[in-house]
Amino acid sequence: MLFPSIVSDVELTRVMFGDAHKGDDLPDVLGVISTSSSEGLTETVQQSPRATPLLTEHARNVFLHPGVTGHRADATSDSAQFGRNWSPRFVLIDEPAELDDRLVFLAEDEDAGLQLRTEVQSLRGGSLRIRHALKNIAAGTYLLEGLEVRIPVPDDYSEVLDFSGRHEHEREPQRHHIADGAWVRESRKGRPDFSGSLVFVGTAGFDFHHGEVICAQPAWSGNSVITVERDAAEAAGIAVGELLLSGEVCLESDEEYIMPWVMITASSTGLDPIANSLHTWERSLSAHPETQPVTLNVWEAVMFNHNLDALKDIADRAASLGVERYVLDDGWFHSRRDDHAGLGDWWVDTAVWPHGLHPLVDYVHNRGMQFGLWFEPEMVNPDSDLYRQHPDWAMRASARTPEFHRNQLVLDLTNREAFEHVFQAMCAVLDEYGIDYVKWDHNRELLEGGSPSQGGAPCIHNQTLAYYRLLDQLKERYPHVVWESCASGGGRIDLGVIEKVGRFWNSDMTDALSRQKIQRWTVQTVAPEYLGAHISQPTSQQSGRSFSLDFRAATAVFFSFGIEWDIRTASDEDLEQMRRWITWYKQHREFLHTGIFERLDIADAAVLAHGVVSQDGSEAIIAHVQYEESSHNRGVYLRIPGLTKLGQYKLSWTGPAPAHASRETLDEKGPIGDAVVSGEYLERVGIRIPRCAPETIRMIHIAQVSQ
């Protein structure tokens, strides 16, 4: 395999990238590394037929897509010259530096007038992240078109997994086999969008717990490019970088471009170790939430029809259920009666809120709940005071106006005046009201993302940096506020913004059946406590399908749990059932949000199963989901990884919903009655669950008993 399953220290990282010395070419990535043991790396064997550096260079007689693309423009002579220094070859100019948890390589091509700095950092949990920085050290402008990290993959890694997706149907997995040539996945929408920006390459048929696999993804919220490429001479590799539009990065002398981090995670036992490596790192971040409150969002309850009495009624009911955070969504600001107007005018609409938001904010706080508010800071409606005063603040590539989506355009935050306007407008609201939480939305792609202040030149690179800067400045000023990333649902979930936010809105699709698979694949790179998942209304607003309350609740309860439903319409029985689910979540959320998230490989495609196993293997909670009607009556076996092999375990049903099946009667005591079984038995033989009614969920508690 390329990497051991766990890479956690700089010494191991140093070994993996070879013994580079001053005067050498770029550091070589070892082709084969033996499995690590508890005592450390046992053996390292170089088997690559030729060097496999982290940057592909045309000058090395390699005809794959080069890692640096660009050229120098020199206008100092009588006639401008272009196209020079397009094929660099870098040589180390110093010994590699070990700085805390990272290795730093500094290389240079004196003829090309370019310097390359490569950083390799080991992360808590075993992942690596790698990036290049390119500096222009000569006269003339260097027009950078691309800078990519390349990771080689072993020859038996023959299958690629990535995601497709759309609004309300994020992260649909798709697979294909590697062949000679280039497979390229570009994200050009100014955000990762609904498919995310990542790729998995591994041995044929890899699944959640079987097969060797490597994951690569940019930690970046803007445009990106991912390529899996091989040819008749070169082994396959994964190249990842920011997708730069024409002229976005023009390096003057002594200027430097630092590419986004590229996250690399490898496993010898399927996809779940990759997920849990990333979850471990995410749980070490400063923005990671200590506890995820039960959150109620009023969007599907009232939409744009804001009425204080109705919203207070919802708040009363929410507090009685045990809700801990109440969020007022779109519709509170100037002229915002529908989605045609108001974006950009971030002050409270006195026509609807004559006394401002104070009556509602105070009411919610007095009932012991946090108060959250919706913003969409990067967008503007043409029907807004802001646009009428500053039409030149909206992104466009030329004099023409880009096509509308959701009746809105994108505000050019690379324009300092526009940036400052948004910052001050948000500060005015956050200063006046006791806001504990901001849902930050982003409801359209960056079509023709040019800056009018720069003659329409592309600015998505700088827009992404401006978004980060705006968020950072607000976080610094309001350290108590929790920030949620939402982009038409799951359109901006990535490992760049996760260092800044405490929650993601996973999807605008709240239909529980659809959410099962959306959540199943989003948790591949994001820990479950980040992913907002709510009990939706009985009949889905998006799909029109109806589900039981227990199915809707059990679908959401492993994640950042909440409610997206007009609870004024709920029956007393429904309210009591919701109260029980909220109580159960509060009792178990620390366990659910600190343990190892597992997705089980099930023989029946009509069944899904997932759950959490404690870090020490002493406890687990597993959900069996009968997603749809099975084609047979054999039932399925749930094989539970991660338990102590010699430990003895007792199983019982858990959760407010009763366990039931349509073909066989289940023992009320638990899936195997009073029996006590070993962890090895549960992993190798498993728990048999008979065919159940579709769209139902059973939850199993597995607890180690004293010896």
# chains A, B, ... in the order shown; residues from 1 in each chain; ligands from 1
$ residues_around --residues "region 150-153 of chain A" --least-positions-apart "3" --cutoff "8 Å" --atoms "only C-alpha atoms" --output "PDB file with all heavy atoms, in the first residue's frame"
ATOM      1  N   LEU A   2       0.294   2.374  -0.355  1.00  0.00           N
ATOM      2  CA  LEU A   2       1.058   3.616  -0.428  1.00  0.00           C
ATOM      3  C   LEU A   2       1.420   4.125   0.955  1.00  0.00           C
ATOM      4  O   LEU A   2       2.557   4.467   1.242  1.00  0.00           O
ATOM      5  CB  LEU A   2       0.249   4.665  -1.176  1.00  0.00           C
ATOM      6  CG  LEU A   2       0.922   6.031  -1.302  1.00  0.00           C
ATOM      7  CD1 LEU A   2       2.200   5.908  -2.094  1.00  0.00           C
ATOM      8  CD2 LEU A   2      -0.025   7.022  -1.935  1.00  0.00           C
ATOM      9  N   VAL A  29       8.138  10.140  -3.471  1.00  0.00           N
ATOM     10  CA  VAL A  29       7.175   9.418  -2.663  1.00  0.00           C
ATOM     11  C   VAL A  29       7.444   7.932  -2.817  1.00  0.00           C
ATOM     12  O   VAL A  29       7.464   7.412  -3.929  1.00  0.00           O
ATOM     13  CB  VAL A  29       5.725   9.726  -3.105  1.00  0.00           C
ATOM     14  CG1 VAL A  29       4.742   8.995  -2.220  1.00  0.00           C
ATOM     15  CG2 VAL A  29       5.467  11.217  -3.043  1.00  0.00           C
ATOM     16  N   GLY A  31       7.157   4.101  -3.259  1.00  0.00           N
ATOM     17  CA  GLY A  31       6.138   3.328  -3.953  1.00  0.00           C
ATOM     18  C   GLY A  31       5.472   2.291  -3.080  1.00  0.00           C
ATOM     19  O   GLY A  31       4.294   2.012  -3.221  1.00  0.00           O
ATOM     20  N   THR A  52       8.866   9.218  -8.130  1.00  0.00           N
ATOM     21  CA  THR A  52       7.467   9.653  -8.169  1.00  0.00           C
ATOM     22  C   THR A  52       7.318  10.874  -7.266  1.00  0.00           C
ATOM     23  O   THR A  52       6.818  10.780  -6.153  1.00  0.00           O
ATOM     24  CB  THR A  52       6.529   8.522  -7.712  1.00  0.00           C
ATOM     25  OG1 THR A  52       6.995   8.033  -6.435  1.00  0.00           O
ATOM     26  CG2 THR A  52       6.517   7.392  -8.699  1.00  0.00           C
ATOM     27  N   PRO A  53       7.779  12.027  -7.721  1.00  0.00           N
ATOM     28  CA  PRO A  53       7.721  13.224  -6.880  1.00  0.00           C
ATOM     29  C   PRO A  53       6.301  13.753  -6.751  1.00  0.00           C
ATOM     30  O   PRO A  53       5.389  13.345  -7.476  1.00  0.00           O
ATOM     31  CB  PRO A  53       8.617  14.216  -7.615  1.00  0.00           C
ATOM     32  CG  PRO A  53       8.538  13.796  -9.042  1.00  0.00           C
ATOM     33  CD  PRO A  53       8.406  12.297  -9.022  1.00  0.00           C
ATOM     34  N   LEU A  54       6.140  14.684  -5.820  1.00  0.00           N
ATOM     35  CA  LEU A  54       4.836  15.272  -5.559  1.00  0.00           C
ATOM     36  C   LEU A  54       4.437  16.308  -6.604  1.00  0.00           C
ATOM     37  O   LEU A  54       3.333  16.839  -6.550  1.00  0.00           O
ATOM     38  CB  LEU A  54       4.832  15.934  -4.178  1.00  0.00           C
ATOM     39  CG  LEU A  54       5.014  14.983  -2.995  1.00  0.00           C
ATOM     40  CD1 LEU A  54       5.199  15.773  -1.708  1.00  0.00           C
ATOM     41  CD2 LEU A  54       3.835  14.046  -2.873  1.00  0.00           C
ATOM     42  N   LEU A  55       5.333  16.606  -7.528  1.00  0.00           N
ATOM     43  CA  LEU A  55       5.041  17.547  -8.605  1.00  0.00           C
ATOM     44  C   LEU A  55       5.456  16.906  -9.924  1.00  0.00           C
ATOM     45  O   LEU A  55       6.604  16.494 -10.080  1.00  0.00           O
ATOM     46  CB  LEU A  55       5.808  18.856  -8.401  1.00  0.00           C
ATOM     47  CG  LEU A  55       5.466  19.968  -9.401  1.00  0.00           C
ATOM     48  CD1 LEU A  55       4.224  20.723  -8.929  1.00  0.00           C
ATOM     49  CD2 LEU A  55       6.632  20.917  -9.579  1.00  0.00           C
ATOM     50  N   THR A  56       4.526  16.812 -10.856  1.00  0.00           N
ATOM     51  CA  THR A  56       4.839  16.254 -12.168  1.00  0.00           C
ATOM     52  C   THR A  56       5.552  17.309 -13.009  1.00  0.00           C
ATOM     53  O   THR A  56       5.057  18.432 -13.159  1.00  0.00           O
ATOM     54  CB  THR A  56       3.545  15.815 -12.884  1.00  0.00           C
ATOM     55  OG1 THR A  56       2.875  14.856 -12.075  1.00  0.00           O
ATOM     56  CG2 THR A  56       3.865  15.203 -14.233  1.00  0.00           C
ATOM     57  N   GLY A  67       2.616  19.509 -13.215  1.00  0.00           N
ATOM     58  CA  GLY A  67       2.129  20.062 -11.954  1.00  0.00           C
ATOM     59  C   GLY A  67       2.152  21.574 -11.914  1.00  0.00           C
ATOM     60  O   GLY A  67       1.386  22.199 -11.177  1.00  0.00           O
ATOM     61  N   TYR A 157      -4.404  -0.658  -7.668  1.00  0.00           N
ATOM     62  CA  TYR A 157      -5.510   0.251  -7.370  1.00  0.00           C
ATOM     63  C   TYR A 157      -6.167   0.582  -8.711  1.00  0.00           C
ATOM     64  O   TYR A 157      -5.711   1.443  -9.455  1.00  0.00           O
ATOM     65  CB  TYR A 157      -5.000   1.529  -6.716  1.00  0.00           C
ATOM     66  CG  TYR A 157      -4.626   1.407  -5.256  1.00  0.00           C
ATOM     67  CD1 TYR A 157      -4.116   0.226  -4.727  1.00  0.00           C
ATOM     68  CD2 TYR A 157      -4.765   2.485  -4.394  1.00  0.00           C
ATOM     69  CE1 TYR A 157      -3.755   0.128  -3.399  1.00  0.00           C
ATOM     70  CE2 TYR A 157      -4.414   2.393  -3.061  1.00  0.00           C
ATOM     71  CZ  TYR A 157      -3.905   1.217  -2.570  1.00  0.00           C
ATOM     72  OH  TYR A 157      -3.551   1.119  -1.244  1.00  0.00           O
ATOM     73  N   VAL A 201      -9.419   6.201  -4.812  1.00  0.00           N
ATOM     74  CA  VAL A 201      -8.854   5.232  -5.741  1.00  0.00           C
ATOM     75  C   VAL A 201      -8.401   4.038  -4.920  1.00  0.00           C
ATOM     76  O   VAL A 201      -7.706   4.197  -3.900  1.00  0.00           O
ATOM     77  CB  VAL A 201      -7.671   5.826  -6.532  1.00  0.00           C
ATOM     78  CG1 VAL A 201      -7.086   4.782  -7.485  1.00  0.00           C
ATOM     79  CG2 VAL A 201      -8.111   7.062  -7.308  1.00  0.00           C
ATOM     80  N   ALA A 235       2.866   5.147 -14.072  1.00  0.00           N
ATOM     81  CA  ALA A 235       1.822   4.577 -13.233  1.00  0.00           C
ATOM     82  C   ALA A 235       0.753   5.625 -12.935  1.00  0.00           C
ATOM     83  O   ALA A 235       0.978   6.834 -13.063  1.00  0.00           O
ATOM     84  CB  ALA A 235       2.427   4.051 -11.935  1.00  0.00           C
ATOM     85  N   ALA A 236      -0.392   5.156 -12.509  1.00  0.00           N
ATOM     86  CA  ALA A 236      -1.498   6.069 -12.212  1.00  0.00           C
ATOM     87  C   ALA A 236      -1.175   6.925 -10.995  1.00  0.00           C
ATOM     88  O   ALA A 236      -0.417   6.536 -10.097  1.00  0.00           O
ATOM     89  CB  ALA A 236      -2.780   5.285 -11.977  1.00  0.00           C
ATOM     90  N   GLY A 237      -1.745   8.092 -10.969  1.00  0.00           N
ATOM     91  CA  GLY A 237      -1.610   8.991  -9.841  1.00  0.00           C
ATOM     92  C   GLY A 237      -2.796   9.922  -9.768  1.00  0.00           C
ATOM     93  O   GLY A 237      -3.566  10.058 -10.723  1.00  0.00           O
ATOM     94  N   ILE A 238      -2.938  10.558  -8.618  1.00  0.00           N
ATOM     95  CA  ILE A 238      -4.011  11.524  -8.396  1.00  0.00           C
ATOM     96  C   ILE A 238      -3.381  12.905  -8.291  1.00  0.00           C
ATOM     97  O   ILE A 238      -2.481  13.118  -7.470  1.00  0.00           O
ATOM     98  CB  ILE A 238      -4.780  11.224  -7.098  1.00  0.00           C
ATOM     99  CG1 ILE A 238      -5.238   9.761  -7.043  1.00  0.00           C
ATOM    100  CG2 ILE A 238      -5.970  12.162  -6.956  1.00  0.00           C
ATOM    101  CD1 ILE A 238      -5.760   9.348  -5.679  1.00  0.00           C
ATOM    102  N   ALA A 239      -3.821  13.835  -9.112  1.00  0.00           N
ATOM    103  CA  ALA A 239      -3.351  15.218  -9.051  1.00  0.00           C
ATOM    104  C   ALA A 239      -4.503  16.105  -8.589  1.00  0.00           C
ATOM    105  O   ALA A 239      -5.627  15.981  -9.077  1.00  0.00           O
ATOM    106  CB  ALA A 239      -2.840  15.681 -10.406  1.00  0.00           C
ATOM    107  N   VAL A 240      -4.214  16.998  -7.634  1.00  0.00           N
ATOM    108  CA  VAL A 240      -5.251  17.839  -7.042  1.00  0.00           C
ATOM    109  C   VAL A 240      -4.731  19.261  -6.920  1.00  0.00           C
ATOM    110  O   VAL A 240      -3.574  19.488  -6.520  1.00  0.00           O
ATOM    111  CB  VAL A 240      -5.650  17.326  -5.641  1.00  0.00           C
ATOM    112  CG1 VAL A 240      -6.784  18.176  -5.063  1.00  0.00           C
ATOM    113  CG2 VAL A 240      -6.062  15.863  -5.687  1.00  0.00           C
TER     114      VAL A 240
END
$ residues_around --residues "region 632-635 of chain A" --least-positions-apart "2" --cutoff "9 Å" --atoms "only C-alpha atoms" --output "PyMOL selection string"
chain A and resi 604+629-630+637+663+688-692
$ residues_around --residues "region 118-121 of chain A" --least-positions-apart "5" --cutoff "6 Å" --atoms "only C-alpha atoms" --output "MDAnalysis selection string"
chainID A and resid 101:105 128:132
$ residues_around --residues "region 673-676 of chain A" --least-positions-apart "5" --cutoff "12 Å" --atoms "only C-alpha atoms" --output "PyMOL selection string"
chain A and resi 646-653+665-668+681-682+687-688+700+702-707
$ write_last_selection --atoms "C-alpha atoms" --output "compact mmCIF listing (two decimals), in the first residue's frame"
# COMPACT_ATOMS: atom_id res chain seq x y z
CA LEU A 646 -12.61 -11.30 23.64
CA GLY A 647 -15.08 -8.98 25.33
CA GLN A 648 -18.54 -10.28 26.22
CA TYR A 649 -21.54 -8.23 25.12
CA LYS A 650 -25.24 -8.03 25.84
CA LEU A 651 -27.58 -6.59 23.21
CA SER A 652 -30.83 -4.69 23.70
CA TRP A 653 -33.13 -2.48 21.68
CA THR A 665 -41.57 -11.56 15.83
CA LEU A 666 -38.55 -9.96 17.43
CA ASP A 667 -37.61 -10.72 21.02
CA GLU A 668 -38.50 -7.68 23.11
CA TYR A 681 -18.74 -13.32 17.28
CA LEU A 682 -20.46 -10.00 16.54
CA ILE A 687 -26.71 -10.23 14.37
CA ARG A 688 -29.47 -11.59 12.20
CA ILE A 700 -29.52 -1.75 18.94
CA ILE A 702 -24.42 -3.22 22.51
CA ALA A 703 -22.77 -3.07 25.94
CA GLN A 704 -19.80 -4.98 27.32
CA VAL A 705 -20.64 -6.89 30.48
CA SER A 706 -18.21 -7.30 33.35
CA GLN A 707 -16.13 -10.47 33.30
$ residues_around --residues "Arg188 (chain A)" --least-positions-apart "4" --cutoff "10 Å" --atoms "only C-alpha atoms" --output "ChimeraX atom specification"
/A:192-193,222-225,242-245,445-447,449,460
$ residues_around --residues "region 518-535 of chain A" --least-positions-apart "3" --cutoff "7 Å" --atoms "only C-alpha atoms" --output "ChimeraX atom specification"
/A:169-171,275,278-279,292,502-506,514-515,552-553,556,558-564,593
$ write_last_selection --atoms "N, CA and C atoms" --output "tab-separated table (two decimals), in the first residue's frame"
chain	number	residue	atom	x	y	z
A	169	HIS	N	-30.12	16.36	-3.70
A	169	HIS	CA	-29.69	14.97	-3.93
A	169	HIS	C	-28.16	14.95	-3.98
A	170	GLU	N	-27.56	15.32	-2.84
A	170	GLU	CA	-26.12	15.47	-2.79
A	170	GLU	C	-25.41	14.12	-2.71
A	171	ARG	N	-24.20	14.09	-3.24
A	171	ARG	CA	-23.23	13.01	-3.06
A	171	ARG	C	-23.78	11.63	-3.44
A	275	ALA	N	-12.76	7.71	6.82
A	275	ALA	CA	-13.72	8.61	7.45
A	275	ALA	C	-13.31	8.93	8.87
A	278	LEU	N	-10.32	11.30	9.29
A	278	LEU	CA	-10.71	12.70	9.10
A	278	LEU	C	-11.55	13.20	10.28
A	279	HIS	N	-12.44	12.35	10.80
A	279	HIS	CA	-13.25	12.77	11.95
A	279	HIS	C	-12.36	13.09	13.15
A	292	GLN	N	-23.60	19.74	20.36
A	292	GLN	CA	-24.53	20.23	19.35
A	292	GLN	C	-25.93	20.32	19.95
A	502	GLY	N	-18.95	25.51	12.78
A	502	GLY	CA	-19.30	24.47	13.73
A	502	GLY	C	-20.42	23.56	13.27
A	503	ARG	N	-20.95	23.81	12.07
A	503	ARG	CA	-22.07	22.99	11.61
A	503	ARG	C	-22.23	23.19	10.11
A	504	PHE	N	-22.76	22.17	9.44
A	504	PHE	CA	-23.15	22.24	8.04
A	504	PHE	C	-24.63	21.89	7.91
A	505	TRP	N	-25.32	22.60	7.02
A	505	TRP	CA	-26.65	22.14	6.64
A	505	TRP	C	-26.45	21.16	5.50
A	506	ASN	N	-26.77	19.91	5.76
A	506	ASN	CA	-26.37	18.80	4.90
A	506	ASN	C	-27.10	18.79	3.57
A	514	SER	N	-34.59	10.01	1.45
A	514	SER	CA	-33.48	10.57	0.69
A	514	SER	C	-32.31	10.91	1.59
A	515	ARG	N	-32.60	11.44	2.78
A	515	ARG	CA	-31.55	11.83	3.70
A	515	ARG	C	-30.68	10.64	4.14
A	552	ARG	N	-38.51	9.33	10.67
A	552	ARG	CA	-37.88	10.63	10.46
A	552	ARG	C	-36.90	10.96	11.58
A	553	ALA	N	-37.26	10.66	12.81
A	553	ALA	CA	-36.39	10.97	13.94
A	553	ALA	C	-35.16	10.09	13.97
A	556	ALA	N	-32.39	11.10	11.71
A	556	ALA	CA	-31.64	12.30	12.05
A	556	ALA	C	-30.82	12.20	13.32
A	558	PHE	N	-28.49	10.50	14.84
A	558	PHE	CA	-27.06	10.27	14.99
A	558	PHE	C	-26.23	11.52	14.67
A	559	PHE	N	-26.87	12.56	14.15
A	559	PHE	CA	-26.15	13.70	13.62
A	559	PHE	C	-26.42	14.93	14.50
A	560	SER	N	-26.30	16.13	13.96
A	560	SER	CA	-26.65	17.33	14.71
A	560	SER	C	-28.16	17.48	14.62
A	561	PHE	N	-28.83	17.05	15.65
A	561	PHE	CA	-30.25	16.73	15.64
A	561	PHE	C	-31.11	17.98	15.81
A	562	GLY	N	-32.27	17.98	15.14
A	562	GLY	CA	-33.18	19.10	15.29
A	562	GLY	C	-34.52	18.85	14.64
A	563	ILE	N	-35.25	19.93	14.42
A	563	ILE	CA	-36.63	19.87	13.90
A	563	ILE	C	-36.78	20.88	12.76
A	564	GLU	N	-37.41	20.47	11.69
A	564	GLU	CA	-37.73	21.32	10.53
A	564	GLU	C	-39.19	21.05	10.17
A	593	HIS	N	-21.22	11.45	19.29
A	593	HIS	CA	-20.39	12.46	18.64
A	593	HIS	C	-18.93	12.40	19.06
$ residues_around --residues "Asp362 (chain A)" --least-positions-apart "4" --cutoff "12 Å" --atoms "only C-alpha atoms" --output "VMD selection string"
chain A and resid 308 312 315 326 355 to 358 366 to 371 432 to 435
$ closest_residue --among "A:Ile596, A:Val438, A:Leu116, A:Val199" --to "Asp94 (chain A)" --atoms "only C-alpha atoms"
A:Leu116
$ closest_residue --among "A:Cys250, A:Ala319, A:Ala182, A:Ala97" --to "Arg230 (chain A)" --atoms "only C-alpha atoms"
A:Ala182
$ select_by_dssp --residues "region 306-386 of chain A" --states "strand (DSSP E)" --output "ChimeraX atom specification"
/A:325-328,370-375,379-380
$ closest_atom_pairs --of "region 513-550 of chain A" --to "region 608-627 of chain A" --cutoff "9 Å" --atoms "only C-alpha atoms" --output "tab-separated table"
residue	atom	partner	partner_atom	distance
A:Leu513	CA	A:Tyr627	CA	7.2
A:Gln516	CA	A:Tyr627	CA	8.4
A:Lys517	CA	A:Leu608	CA	8.8
A:Arg520	CA	A:His610	CA	8.2
$ closest_residue --among "A:Val62, A:Cys427, A:Ala179, A:Val294" --to "Asp155 (chain A)" --atoms "only C-alpha atoms"
A:Ala179
$ closest_residue --among "A:Thr265, A:His209, A:Asp441, A:Glu172" --to "Trp483 (chain A)" --atoms "only C-alpha atoms"
A:Asp441
$ atom_distance --atom1 "CA of Ile672 (chain A)" --atom2 "CA of Pro273 (chain A)"
28.2 Å
$ select_by_dssp --residues "region 128-286 of chain A" --states "helix (DSSP H, G or I)" --output "list in words"
Leu271, Asp272, Pro273, Ile274, Ala275, Asn276, Ser277, Leu278, His279, Thr280, Trp281 and Glu282 of chain A
